Amino acid sequence: MTARQWLALAGLTCSAFVFNTSEFMPIGLLSSIAGGFGLTEAQAGMMTSIYAWAVMALSLPLMVFASRFEFKRLLLAVLALFTAGQFACAVAPTFELLVTARLLVACAHAIFWSIASVMATRAVAPEHGSLALSMVATGTSVAMVFGLPLGRAIGLEVGWRMTFACVGVVGAALAVYMAVIFPRILAGERFGLRQLPGLFRNRALLTVYVSTLLVATGYYTAYSYIDPYLAQVASLDAGTATMALTVFGAAGLAGSLLFSRAYDAHRLPFLGTALAGLSAALLLLNVAAPFAAGIFGILALWGACNTAFGIAFQAEIIRYTRPDEASVAVALYSGIFNLGIGSGSFFGGMVSTAFSLSSIGLAGGVLAAVGSVVCLVRLAHAGRTAE
């Protein structure tokens with residue numbers, strides 16, 4: 001690839017970093033935000049659910065509307081909205097206004113993740129598509145390695161509001177960088193709602209969507225409450241819990257690297273391994289909790305498999321759709337994934353309230369395992385049919 005292509009992908013990677021840092025920050029600061037407004041963790045956790053449900057509801061209509069615009073112009077507008085939303089979060093005087101400001105960020109999020117993977121693959125030659133996708137996914141992993149723990153550390157030191165303000169500053173700087181570096185990428189043929197039935201008749205695509213909902217719901221049933229879980233169930237102090245979350249994100253980098261090396265040659269085995277590892281990590285979470293080494297190991301497995309399955313699912317969507325459908329198909333994926341985030345956060349709150357916080361791993365693992373089986377059986381059948 002040329003130097004300019006590398007720089008463009010680096011910009012998308014950094015964009016993915018700040019978007020996912022913003023999305024996951026409230027999880028790492030859940031106890032601090034709850035305390036700041038006099039709420040319980042379960043009540044404050046509803047902010048995660050509302051944000052995710054907003055992304056779910058907005059992804060498709062916003063992407064259909066945005067499909068008429070050239071990609072670079074659209075990306076810059078999204079970054080500007082994202083930055084404004086972060087500063088609004090930093091100064092929100094009430095929890096209700098904080099949630100409202102998060103909805104501005106949700107609008108930007110909905111569009112960004114609908115176009116990020118498509119822009120990455122179109123910014124390079126076809127043979128570099130897997131590498132481009134893995135770089136964007138690396139931004140997600142780095143957000144978990146540095147973004148979430150760093151945001152948590154800033155929030156614990158000087159208050160959670162400064163974390164939002166810092167992300168806003170980074171977002172503004174990134175908008176300037178992308179204005180200079182990123183190439184113009186034509187939007188192509190505008191997508192119309194009349195084309196949606198064609199997507200829903202795509203059985204392989206429907207399999208990915210159903211599996212995404214189940215796996216994401218299971219994943220976020222546990223992950224939405226990982227901050228109080230590490231403190232109350234695993235009995236980790238604040239510093240050790242931050243290290244554990246750093247391990248989670250660092251393992252995601254390994255998952256991204258494995259995708260770029262192994263997915264093209266071993267597509268279904270790679271996907272099966274990632275889904276099995278994710279389900280096993282959730283099911284064994286409570287078993288490992290009494291042991292510091294055990295919880296670190298489980299978080300490493302969880303982080304690597306989470307990133308691997310997320311990129312692989314996006315690659316599957318691009319594989320099974322035409323170029324003019326890809327952005328909207330990924331928008332649907334983003335919406336469904338965020339439906340899973342919101343549902344998982346809500347379900348995890350119900351489980352922790354009705355039973356105990358220690359039950360969230362088992363509850364999430366069962367859902368993830370069901371989604372994994374559905375995915376692998378149906379995609380294997382689709383492959384045999386295609387042959």
# chains A, B, ... in the order shown; residues from 1 in each chain; ligands from 1
call {"tool": "closest_atom_pairs", "arguments": {"of": "segment 19-102 of chain A", "to": "segment 159-169 of chain A", "cutoff": "10 Å", "atoms": "only C-alpha atoms", "output": "CSV"}}
result
residue,atom,partner,partner_atom,distance
A:Phe19,CA,A:Val167,CA,8.9
A:Thr21,CA,A:Val167,CA,7.9
A:Ser22,CA,A:Val167,CA,7.0
A:Met25,CA,A:Thr163,CA,8.1
A:Pro26,CA,A:Trp160,CA,8.7
A:Gly28,CA,A:Trp160,CA,9.9
A:Leu29,CA,A:Trp160,CA,6.8
A:Leu30,CA,A:Trp160,CA,9.4
A:Ser32,CA,A:Trp160,CA,6.9
A:Ile33,CA,A:Trp160,CA,6.9
A:Gly36,CA,A:Trp160,CA,8.9
A:Leu79,CA,A:Gly168,CA,9.7
A:Ala80,CA,A:Gly168,CA,9.5
A:Phe82,CA,A:Gly168,CA,7.6
A:Thr83,CA,A:Gly168,CA,4.7
A:Ala84,CA,A:Gly168,CA,7.1
A:Gly85,CA,A:Gly168,CA,7.8
A:Gln86,CA,A:Gly168,CA,5.0
A:Phe87,CA,A:Ala165,CA,5.4
A:Ala88,CA,A:Ala165,CA,8.6
A:Cys89,CA,A:Phe164,CA,6.4
A:Ala90,CA,A:Arg161,CA,4.5
A:Val91,CA,A:Arg161,CA,7.1
A:Ala92,CA,A:Arg161,CA,8.7
call {"tool": "write_last_selection", "arguments": {"atoms": "C-alpha atoms", "output": "PDB file, in the first residue's frame"}}
result
ATOM      1  CA  PHE A  19     -15.579   6.117  19.207  1.00  0.00           C
ATOM      2  CA  THR A  21     -13.389   4.709  24.053  1.00  0.00           C
ATOM      3  CA  SER A  22     -16.473   6.912  24.259  1.00  0.00           C
ATOM      4  CA  MET A  25     -16.122   4.741  29.105  1.00  0.00           C
ATOM      5  CA  PRO A  26     -19.333   4.672  31.160  1.00  0.00           C
ATOM      6  CA  GLY A  28     -15.382   1.652  33.419  1.00  0.00           C
ATOM      7  CA  LEU A  29     -16.786   4.669  35.295  1.00  0.00           C
ATOM      8  CA  LEU A  30     -20.185   3.223  36.144  1.00  0.00           C
ATOM      9  CA  SER A  32     -18.354   6.974  39.754  1.00  0.00           C
ATOM     10  CA  ILE A  33     -21.199   8.224  37.540  1.00  0.00           C
ATOM     11  CA  GLY A  36     -22.184  11.493  41.237  1.00  0.00           C
ATOM     12  CA  LEU A  79     -16.598  13.634  13.861  1.00  0.00           C
ATOM     13  CA  ALA A  80     -17.899  17.164  14.448  1.00  0.00           C
ATOM     14  CA  PHE A  82     -19.236  13.367  18.057  1.00  0.00           C
ATOM     15  CA  THR A  83     -16.991  16.114  19.470  1.00  0.00           C
ATOM     16  CA  ALA A  84     -19.938  18.356  20.328  1.00  0.00           C
ATOM     17  CA  GLY A  85     -21.636  15.494  22.128  1.00  0.00           C
ATOM     18  CA  GLN A  86     -18.556  14.780  24.266  1.00  0.00           C
ATOM     19  CA  PHE A  87     -18.314  18.375  25.486  1.00  0.00           C
ATOM     20  CA  ALA A  88     -22.043  18.374  26.225  1.00  0.00           C
ATOM     21  CA  CYS A  89     -21.569  15.234  28.362  1.00  0.00           C
ATOM     22  CA  ALA A  90     -18.739  16.906  30.280  1.00  0.00           C
ATOM     23  CA  VAL A  91     -20.947  19.789  31.440  1.00  0.00           C
ATOM     24  CA  ALA A  92     -24.304  18.000  31.858  1.00  0.00           C
TER      25      ALA A  92
END
call {"tool": "residues_around", "arguments": {"residues": "Ile111 of chain A", "least_positions_apart": "2", "cutoff": "9 Å", "atoms": "only C-alpha atoms", "output": "MDAnalysis selection string"}}
result
chainID A and resid 55 58:60 62:63 66 74:75 78 106:109 113:116 331
call {"tool": "residues_around", "arguments": {"residues": "Ser15 of chain A", "least_positions_apart": "6", "cutoff": "10 Å", "atoms": "only C-alpha atoms", "output": "ChimeraX atom specification"}}
result
/A:9,21,75,79,112,116,136,139-140,170-171,174-175,178
call {"tool": "write_last_selection", "arguments": {"atoms": "C-alpha atoms", "output": "mmCIF file, in the first residue's frame"}}
result
data_model
loop_
_atom_site.group_PDB
_atom_site.id
_atom_site.type_symbol
_atom_site.label_atom_id
_atom_site.label_comp_id
_atom_site.auth_asym_id
_atom_site.auth_seq_id
_atom_site.Cartn_x
_atom_site.Cartn_y
_atom_site.Cartn_z
ATOM 1 C CA LEU A 9 -6.179 3.663 7.545
ATOM 2 C CA THR A 21 -13.389 4.709 24.053
ATOM 3 C CA LEU A 75 -16.962 11.325 8.064
ATOM 4 C CA LEU A 79 -16.598 13.634 13.861
ATOM 5 C CA PHE A 112 -19.533 5.928 11.804
ATOM 6 C CA ALA A 116 -16.023 2.505 8.818
ATOM 7 C CA VAL A 136 -10.048 -0.631 12.118
ATOM 8 C CA GLY A 139 -8.723 0.764 17.122
ATOM 9 C CA THR A 140 -11.435 -0.989 19.111
ATOM 10 C CA VAL A 170 -9.088 14.135 20.756
ATOM 11 C CA GLY A 171 -12.152 14.019 18.495
ATOM 12 C CA LEU A 174 -8.836 13.866 14.665
ATOM 13 C CA ALA A 175 -11.347 15.780 12.531
ATOM 14 C CA MET A 178 -8.867 13.429 8.533
#
call {"tool": "residues_around", "arguments": {"residues": "Trp302 of chain A", "least_positions_apart": "4", "cutoff": "9 Å", "atoms": "only C-alpha atoms", "output": "PDB file with C-alpha atoms, in the first residue's frame"}}
result
ATOM      1  CA  PHE A 248      -8.822  -7.612  28.248  1.00  0.00           C
ATOM      2  CA  ALA A 251      -5.829  -9.558  24.179  1.00  0.00           C
ATOM      3  CA  GLY A 252      -8.119  -7.907  21.643  1.00  0.00           C
ATOM      4  CA  GLY A 277     -13.759 -19.119  23.233  1.00  0.00           C
ATOM      5  CA  LEU A 278     -16.098 -16.199  23.932  1.00  0.00           C
ATOM      6  CA  SER A 279     -18.853 -18.489  25.228  1.00  0.00           C
ATOM      7  CA  ALA A 280     -16.404 -20.465  27.378  1.00  0.00           C
ATOM      8  CA  ALA A 281     -14.970 -17.281  28.917  1.00  0.00           C
ATOM      9  CA  LEU A 282     -18.420 -16.125  30.000  1.00  0.00           C
ATOM     10  CA  GLY A 297      -6.727 -15.455  32.116  1.00  0.00           C
ATOM     11  CA  ILE A 298     -10.471 -15.458  31.485  1.00  0.00           C
ATOM     12  CA  ASN A 306     -14.529 -10.797  21.296  1.00  0.00           C
ATOM     13  CA  THR A 307     -12.441  -8.803  18.821  1.00  0.00           C
TER      14      THR A 307
END
call {"tool": "residues_around", "arguments": {"residues": "Pro197 of chain A", "least_positions_apart": "5", "cutoff": "12 Å", "atoms": "only C-alpha atoms", "output": "number ranges by chain"}}
result
A: 192, 202-203, 206, 325, 329
call {"tool": "residues_around", "arguments": {"residues": "Ala250 of chain A", "least_positions_apart": "2", "cutoff": "10 Å", "atoms": "only C-alpha atoms", "output": "PyMOL selection string"}}
result
chain A and resi 138+141-146+244-248+252-255+299-300+303-304
call {"tool": "write_last_selection", "arguments": {"atoms": "N, CA and C atoms", "output": "PDB file, in the first residue's frame"}}
result
ATOM      1  N   THR A 138      -8.421  -2.946  15.268  1.00  0.00           N
ATOM      2  CA  THR A 138      -7.349  -2.670  16.220  1.00  0.00           C
ATOM      3  C   THR A 138      -7.663  -1.413  17.028  1.00  0.00           C
ATOM      4  N   SER A 141      -9.687  -2.475  19.874  1.00  0.00           N
ATOM      5  CA  SER A 141      -8.894  -3.164  20.891  1.00  0.00           C
ATOM      6  C   SER A 141      -8.026  -2.186  21.673  1.00  0.00           C
ATOM      7  N   VAL A 142      -7.422  -1.225  20.964  1.00  0.00           N
ATOM      8  CA  VAL A 142      -6.584  -0.243  21.643  1.00  0.00           C
ATOM      9  C   VAL A 142      -7.431   0.601  22.589  1.00  0.00           C
ATOM     10  N   ALA A 143      -8.691   0.840  22.217  1.00  0.00           N
ATOM     11  CA  ALA A 143      -9.586   1.575  23.118  1.00  0.00           C
ATOM     12  C   ALA A 143      -9.768   0.817  24.423  1.00  0.00           C
ATOM     13  N   MET A 144      -9.810  -0.510  24.341  1.00  0.00           N
ATOM     14  CA  MET A 144      -9.945  -1.306  25.554  1.00  0.00           C
ATOM     15  C   MET A 144      -8.624  -1.395  26.312  1.00  0.00           C
ATOM     16  N   VAL A 145      -7.494  -1.394  25.561  1.00  0.00           N
ATOM     17  CA  VAL A 145      -6.189  -1.472  26.202  1.00  0.00           C
ATOM     18  C   VAL A 145      -5.867  -0.176  26.928  1.00  0.00           C
ATOM     19  N   PHE A 146      -6.002   0.947  26.198  1.00  0.00           N
ATOM     20  CA  PHE A 146      -5.600   2.236  26.740  1.00  0.00           C
ATOM     21  C   PHE A 146      -6.783   3.169  27.008  1.00  0.00           C
ATOM     22  N   ALA A 244      -6.707  -5.440  34.962  1.00  0.00           N
ATOM     23  CA  ALA A 244      -7.459  -6.546  34.374  1.00  0.00           C
ATOM     24  C   ALA A 244      -8.164  -6.107  33.089  1.00  0.00           C
ATOM     25  N   LEU A 245      -8.737  -4.902  33.104  1.00  0.00           N
ATOM     26  CA  LEU A 245      -9.385  -4.384  31.901  1.00  0.00           C
ATOM     27  C   LEU A 245      -8.364  -4.090  30.813  1.00  0.00           C
ATOM     28  N   THR A 246      -7.154  -3.715  31.201  1.00  0.00           N
ATOM     29  CA  THR A 246      -6.089  -3.502  30.226  1.00  0.00           C
ATOM     30  C   THR A 246      -5.703  -4.817  29.556  1.00  0.00           C
ATOM     31  N   VAL A 247      -5.642  -5.888  30.331  1.00  0.00           N
ATOM     32  CA  VAL A 247      -5.365  -7.213  29.775  1.00  0.00           C
ATOM     33  C   VAL A 247      -6.452  -7.608  28.784  1.00  0.00           C
ATOM     34  N   PHE A 248      -7.692  -7.323  29.143  1.00  0.00           N
ATOM     35  CA  PHE A 248      -8.822  -7.612  28.248  1.00  0.00           C
ATOM     36  C   PHE A 248      -8.610  -6.950  26.881  1.00  0.00           C
ATOM     37  N   GLY A 252      -7.398  -8.241  22.865  1.00  0.00           N
ATOM     38  CA  GLY A 252      -8.119  -7.907  21.643  1.00  0.00           C
ATOM     39  C   GLY A 252      -7.185  -7.624  20.482  1.00  0.00           C
ATOM     40  N   LEU A 253      -6.022  -7.040  20.764  1.00  0.00           N
ATOM     41  CA  LEU A 253      -5.021  -6.816  19.723  1.00  0.00           C
ATOM     42  C   LEU A 253      -4.574  -8.142  19.111  1.00  0.00           C
ATOM     43  N   ALA A 254      -4.410  -9.148  19.968  1.00  0.00           N
ATOM     44  CA  ALA A 254      -4.036 -10.463  19.477  1.00  0.00           C
ATOM     45  C   ALA A 254      -5.139 -11.037  18.587  1.00  0.00           C
ATOM     46  N   GLY A 255      -6.390 -10.837  18.990  1.00  0.00           N
ATOM     47  CA  GLY A 255      -7.502 -11.306  18.165  1.00  0.00           C
ATOM     48  C   GLY A 255      -7.531 -10.635  16.811  1.00  0.00           C
ATOM     49  N   LEU A 299     -10.265 -13.031  31.260  1.00  0.00           N
ATOM     50  CA  LEU A 299     -10.421 -11.756  30.554  1.00  0.00           C
ATOM     51  C   LEU A 299      -9.564 -11.720  29.288  1.00  0.00           C
ATOM     52  N   ALA A 300      -8.389 -12.361  29.318  1.00  0.00           N
ATOM     53  CA  ALA A 300      -7.550 -12.418  28.125  1.00  0.00           C
ATOM     54  C   ALA A 300      -8.233 -13.227  27.022  1.00  0.00           C
ATOM     55  N   GLY A 303     -11.300 -11.187  25.751  1.00  0.00           N
ATOM     56  CA  GLY A 303     -10.936 -10.040  24.915  1.00  0.00           C
ATOM     57  C   GLY A 303     -10.493 -10.446  23.517  1.00  0.00           C
ATOM     58  N   ALA A 304      -9.663 -11.494  23.427  1.00  0.00           N
ATOM     59  CA  ALA A 304      -9.178 -11.939  22.113  1.00  0.00           C
ATOM     60  C   ALA A 304     -10.323 -12.446  21.251  1.00  0.00           C
TER      61      ALA A 304
END
call {"tool": "select_by_dssp", "arguments": {"residues": "segment 165-380 of chain A", "states": "alpha helix (DSSP H)", "output": "PyMOL selection string"}}
result
chain A and resi 165-181+196-200+203-223+226-232+238-262+267-283+285-288+292-319+323-354+360-380
call {"tool": "atom_distance", "arguments": {"atom1": "atom CA of Thr353 of chain A", "atom2": "atom CA of Val105 of chain A"}}
result
28.8 Å
call {"tool": "closest_residue", "arguments": {"among": "A:Val330, A:Leu271, A:Leu12, A:Ala308", "to": "Ala123 of chain A", "atoms": "only C-alpha atoms"}}
result
A:Leu12
call {"tool": "closest_atom_pairs", "arguments": {"of": "segment 328-347 of chain A", "to": "segment 357-381 of chain A", "cutoff": "12 Å", "atoms": "only C-alpha atoms", "output": "CSV"}}
result
residue,atom,partner,partner_atom,distance
A:Gly340,CA,A:Leu367,CA,10.7
A:Ile341,CA,A:Gly364,CA,11.5
A:Ser343,CA,A:Gly364,CA,11.0
A:Gly344,CA,A:Gly364,CA,7.8
A:Ser345,CA,A:Ile360,CA,10.1
A:Phe346,CA,A:Ile360,CA,11.3
A:Phe347,CA,A:Ile360,CA,8.8
call {"tool": "write_last_selection", "arguments": {"atoms": "C-alpha atoms", "output": "PDB file, in the first residue's frame"}}
result
ATOM      1  CA  GLY A 340     -27.719  -6.671  21.850  1.00  0.00           C
ATOM      2  CA  ILE A 341     -25.652  -4.208  23.915  1.00  0.00           C
ATOM      3  CA  SER A 343     -30.586  -5.773  25.855  1.00  0.00           C
ATOM      4  CA  GLY A 344     -27.540  -7.295  27.530  1.00  0.00           C
ATOM      5  CA  SER A 345     -27.090  -4.307  29.829  1.00  0.00           C
ATOM      6  CA  PHE A 346     -30.784  -4.409  30.733  1.00  0.00           C
ATOM      7  CA  PHE A 347     -30.790  -8.190  31.198  1.00  0.00           C
TER       8      PHE A 347
END
